[in-house]
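S.K.: Before I ask anything, here is the structure I am working with.
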Amino acid sequence: MMAMNSMQRTLTTLGQQEPDRVPLFLLTTGHGAKEVGLSIEAYFSRAENVIEGQLRLLKKYRADCLYGFYYASIEVEAWGGNTLFGTDGPPQCGAPIINDTQIDTLEAPAIDGAPGLRRVLDTLRGLKQRVGDSVPIIGVAISPFSLPVMQMGFDRYIELIYEQPGRFERLMQANIEFCVNWSNAQLAAGATAICYFDPVSSTTTIPRALYLETGHAVARRCLPRIKGATATHLASGRGLPIIGDIADTGTAIVGVSALEDLAQLKAAANKRVSLLGNLNGIEMRRWTPAQAEAEVKRAIAKAGRGGGFLLGDNHGEIPQLVPDEVLLAIRDAVDRWGRYPLDWIADWQDEGA
């Protein structure tokens, strides 16, 4: 089979066909700061830093996407919140900024009024100028249903869902407007698709019945208004019991957990959605190169046949402390074991792996 570029490889996979090899989506953020020799806070302070960092990582790891994501709380900054920066981990959200009564008059903030969001848009424009349509560029939006964990705090938000349905709906209305506007601004700036992070919808967090009434209903109101492809990511949470429900929202990809079996997920997806995952980003820090190769081989064997599978981590962001030798070993293993047709899988299964 002729070699494909990253965009061709990804689109073929999403069409439930086998490309030249399994696409590799290494969703790295803080590694870019190390590449350009800056602290996390300094790195994310200028779009030019992130553009340079992402391009260096693309060349270094030879993955199949660029990642426009900065950090989750950059969205909360737009609502008036703040971000806490550390030295060797992702930035963290500051104190909650919305209480119950404020919801009654809450309005979605303007995208162009938020300096952090403008930096992200500048980053996407710069990446698009450099790679055109040859490499997918992934934008990120926190789902309207999951964003309140940072806006309010988890405990107060869960109480809101159960005890104040009117205010919950009012909050969802404001958050849907923000998510749609923010997603479409990223697509206009050059993002190929939007990763819709929705960890609260995971069955790790809430039961399926509540998800159908809340997160699922919100996604069905929000996703059709986003003017491009979306990938729903549960950020390490379990999703096997709801994978068909997620497919009903119209999303193209589901980011899946390391806690679930890829073969079962692939069968449940039934070609309605593609899978992204499910390498354990936390354990990855302790892997040897040989362990990295074994995990890649296992994932491809379970989900690679027939397309519809993109190899990546299970959370949607690889921790900065994962060493280069592991990420390079993952890259080499994809080159070795991810080439279609995957004829080696039958022997691997016969060996009882």
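Note on naming: chains are A, B, ... as they come in the structure tokens, residues start from 1 per chain, ligands start from 1 in the order shown.
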Give me the residues near A:Leu210 as a list in words, where near means some atom within 10 Å (using only C-alpha atoms) and where sequence neighbours in that chain fewer than 6 positions away do not count.
M.R.: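 The contact residues come out as Ile161, Tyr162, Ser201, Thr203 and His216 of chain A.
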S.K.: So which residues of stretch 93-297 of chain A fall under strand (DSSP E) by DSSP, listed as an MDAnalysis selection string?
M.R.: chainID A and resid 93 137:142 193:197 229:233 253:255 274:279
S.K.: For A:Ala269, list every protein, DNA or RNA residue within 8 Å, evaluated using only C-alpha atoms, and leave out those in the same chain fewer than 5 positions away; present the list as number ranges by chain.
M.R.: A: 243-244, 247, 274-275
S.K.: Quick one: everything within 8 Å of A:Gly15, counting only C-alpha atoms, minus sequence neighbours fewer than 4 positions away in the same chain. Send it as a ChimeraX atom specification.
M.R.: /A:11,307-308
S.K.: Would you please work out which residue, of A:Gln320, A:Thr28, A:Thr123, A:Thr87, is nearest to A:Tyr61 when using only C-alpha atoms?
M.R.: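 Going through A:Gln320, A:Thr28, A:Thr123, A:Thr87 one by one, the smallest distance to A:Tyr61 is for A:Thr28.
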S.K.: Measuring atom to atom with only C-alpha atoms, identify which of A:Pro148, A:Thr101, A:Pro136, A:Arg62 is nearest to A:Trp79.
M.R.: A:Pro148
S.K.: May I have the residues within 9 Å of A:Tyr71 as a list of chain:residue names, using only C-alpha atoms and disregarding those fewer than 4 positions away in the same chain?
M.R.: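 After dropping sequence-adjacent residues, the list is A:Thr29, A:Phe44, A:Glu75, A:Pro90, A:Pro91, A:Gln92.
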S.K.: Can you tell me which residues surround stretch 104-111 of chain A at a distance of at most 7 Å, considering only C-alpha atoms, apart from same-chain residues fewer than 4 positions away, and format the answer as a list of chain:residue names?
M.R.: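 Selected residues are A:Ala78, A:Trp79, A:Leu117, A:Arg167, A:Arg170, A:Ala174, A:Asn175, A:Glu177, A:Phe178, A:Trp182.
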S.K.: Produce a file of the selected residues containing C-alpha atoms, as an mmCIF file, in the first residue's frame.
M.R.:
```
data_model
loop_
_atom_site.group_PDB
_atom_site.id
_atom_site.type_symbol
_atom_site.label_atom_id
_atom_site.label_comp_id
_atom_site.auth_asym_id
_atom_site.auth_seq_id
_atom_site.Cartn_x
_atom_site.Cartn_y
_atom_site.Cartn_z
ATOM 1 C CA ALA A 78 -12.842 33.294 30.114
ATOM 2 C CA TRP A 79 -15.576 33.163 32.782
ATOM 3 C CA LEU A 117 -8.660 31.834 24.182
ATOM 4 C CA ARG A 167 -30.836 26.257 37.534
ATOM 5 C CA ARG A 170 -30.040 27.616 32.932
ATOM 6 C CA ALA A 174 -25.106 29.367 28.970
ATOM 7 C CA ASN A 175 -22.461 26.647 28.691
ATOM 8 C CA GLU A 177 -23.638 28.763 23.878
ATOM 9 C CA PHE A 178 -20.054 29.103 25.063
ATOM 10 C CA TRP A 182 -15.606 28.379 21.264
#
```
S.K.: To one decimal place in Å, what is the distance between atom CA of A:Gly281 and atom CA of A:Gly139?
M.R.: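 Between these atoms lies a distance of 20.0 Å.
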S.K.: Please compute the atom CA of A:Glu317-atom CA of A:Phe197 distance, one decimal, in Å.
M.R.: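 Atom CA of A:Phe197 lies 11.1 Å from atom CA of A:Glu317.
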S.K.: Check stretch 63-143 of chain A with DSSP on the backbone and list each residue it calls helix (DSSP H, G or I), as a PyMOL selection string.
M.R.: chain A and resi 74-78+101-105+111-113+115-131
S.K.: Let me see the file: selected residues, N, CA and C atoms, as a CSV table (one decimal), in the first residue's frame.
M.R.:
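Produced file part.csv, reproduced below:
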```csv
chain,number,residue,atom,x,y,z
A,74,ILE,N,-8.1,27.1,31.0
A,74,ILE,CA,-8.1,28.3,30.1
A,74,ILE,C,-9.5,28.7,29.7
A,75,GLU,N,-10.5,27.7,29.7
A,75,GLU,CA,-11.9,28.1,29.5
A,75,GLU,C,-12.5,28.8,30.7
A,76,VAL,N,-12.1,28.4,31.9
A,76,VAL,CA,-12.7,29.0,33.1
A,76,VAL,C,-12.1,30.4,33.2
A,77,GLU,N,-10.9,30.6,32.7
A,77,GLU,CA,-10.4,32.0,32.7
A,77,GLU,C,-11.3,33.0,32.0
A,78,ALA,N,-11.9,32.5,30.9
A,78,ALA,CA,-12.8,33.3,30.1
A,78,ALA,C,-14.1,33.7,30.9
A,101,THR,N,-26.9,31.2,42.9
A,101,THR,CA,-27.7,32.4,42.6
A,101,THR,C,-27.2,33.1,41.3
A,102,GLN,N,-25.9,33.1,41.1
A,102,GLN,CA,-25.3,33.7,39.9
A,102,GLN,C,-25.8,33.1,38.6
A,103,ILE,N,-26.2,31.8,38.7
A,103,ILE,CA,-26.6,31.1,37.5
A,103,ILE,C,-27.8,31.8,36.9
A,104,ASP,N,-28.7,32.4,37.7
A,104,ASP,CA,-29.9,33.0,37.3
A,104,ASP,C,-29.7,34.1,36.2
A,105,THR,N,-28.6,34.8,36.3
A,105,THR,CA,-28.3,35.9,35.3
A,105,THR,C,-27.0,35.6,34.5
A,111,ILE,N,-15.8,35.1,23.2
A,111,ILE,CA,-14.6,34.4,22.9
A,111,ILE,C,-13.4,35.5,22.7
A,112,ASP,N,-13.7,36.5,22.0
A,112,ASP,CA,-12.6,37.5,21.7
A,112,ASP,C,-12.3,38.4,22.9
A,113,GLY,N,-13.1,38.2,24.0
A,113,GLY,CA,-12.8,39.0,25.2
A,113,GLY,C,-11.9,38.3,26.1
A,115,PRO,N,-8.2,36.7,26.7
A,115,PRO,CA,-6.8,36.6,26.2
A,115,PRO,C,-6.3,35.2,26.0
A,116,GLY,N,-6.6,34.3,26.9
A,116,GLY,CA,-6.2,32.9,26.8
A,116,GLY,C,-6.8,32.2,25.6
A,117,LEU,N,-8.0,32.4,25.4
A,117,LEU,CA,-8.7,31.8,24.2
A,117,LEU,C,-8.1,32.4,22.9
A,118,ARG,N,-7.8,33.7,22.9
A,118,ARG,CA,-7.2,34.3,21.7
A,118,ARG,C,-5.8,33.7,21.4
A,119,ARG,N,-5.1,33.4,22.5
A,119,ARG,CA,-3.8,32.7,22.2
A,119,ARG,C,-4.0,31.4,21.6
A,120,VAL,N,-4.9,30.6,22.0
A,120,VAL,CA,-5.2,29.3,21.4
A,120,VAL,C,-5.6,29.5,20.0
A,121,LEU,N,-6.4,30.5,19.6
A,121,LEU,CA,-6.8,30.7,18.2
A,121,LEU,C,-5.6,31.1,17.4
A,122,ASP,N,-4.7,31.9,18.0
A,122,ASP,CA,-3.5,32.3,17.2
A,122,ASP,C,-2.6,31.1,17.0
A,123,THR,N,-2.6,30.2,18.0
A,123,THR,CA,-1.8,28.9,17.8
A,123,THR,C,-2.4,28.1,16.7
A,124,LEU,N,-3.7,27.9,16.7
A,124,LEU,CA,-4.3,27.1,15.6
A,124,LEU,C,-4.0,27.7,14.2
A,125,ARG,N,-4.1,29.0,14.1
A,125,ARG,CA,-3.8,29.7,12.8
A,125,ARG,C,-2.3,29.5,12.4
A,126,GLY,N,-1.4,29.6,13.4
A,126,GLY,CA,0.0,29.3,13.1
A,126,GLY,C,0.3,27.9,12.6
A,127,LEU,N,-0.3,27.0,13.3
A,127,LEU,CA,-0.1,25.6,12.9
A,127,LEU,C,-0.7,25.3,11.5
A,128,LYS,N,-1.9,25.8,11.3
A,128,LYS,CA,-2.5,25.6,10.0
A,128,LYS,C,-1.7,26.2,8.9
A,129,GLN,N,-1.1,27.4,9.1
A,129,GLN,CA,-0.2,27.9,8.1
A,129,GLN,C,1.0,27.1,7.8
A,130,ARG,N,1.5,26.3,8.8
A,130,ARG,CA,2.7,25.5,8.6
A,130,ARG,C,2.4,24.1,8.0
A,131,VAL,N,1.3,23.5,8.3
A,131,VAL,CA,1.0,22.2,7.8
A,131,VAL,C,-0.1,22.0,6.8
```
S.K.: Can you list, as a list in words, every protein, DNA or RNA residue that comes within 10 Å of A:Ile300 when you count only C-alpha atoms, leaving out same-chain residues fewer than 5 positions away?
M.R.: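 My reading of the contact set: Val22, Leu262, Ala263, Glu295, Arg305, Phe309, Leu310, Leu311, Val334, Trp337, Gly338, Arg339, Leu342 and Ile345 of chain A.
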S.K.: Which residue out of A:Ala329, A:Ala231, A:Leu240, A:Ala3 has the minimum interatomic distance to A:Gln264 when only C-alpha atoms are used?
M.R.: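 Among the listed residues, A:Leu240 lies closest to A:Gln264.
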S.K.: Rank nothing, just name the residue among A:Leu234, A:Thr10, A:Pro19, A:Thr192 nearest to A:Pro341, using only C-alpha atoms.
M.R.: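 Of A:Leu234, A:Thr10, A:Pro19, A:Thr192, the one nearest A:Pro341, counting only C-alpha atoms, is A:Pro19.
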S.K.: Kindly give the distance, in Å, that separates atom CA of A:Gly255 and atom CA of A:Ile282, rounded to a single decimal.
M.R.: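 Rounded to one decimal, the two atoms are 15.8 Å apart.
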S.K.: For A:Thr83, which of A:Ile40, A:Gln17, A:Pro199, A:Lys59 is the closest residue, counting only C-alpha atoms?
M.R.: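 Comparing A:Ile40, A:Gln17, A:Pro199, A:Lys59 against A:Thr83, the winner is A:Ile40.
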S.K.: Using only C-alpha atoms, which of A:Tyr67, A:Ala303, A:Ala346, A:Gly316 sits nearest A:Glu18?
M.R.: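 Smallest separation from A:Glu18 among the options: A:Ala303.
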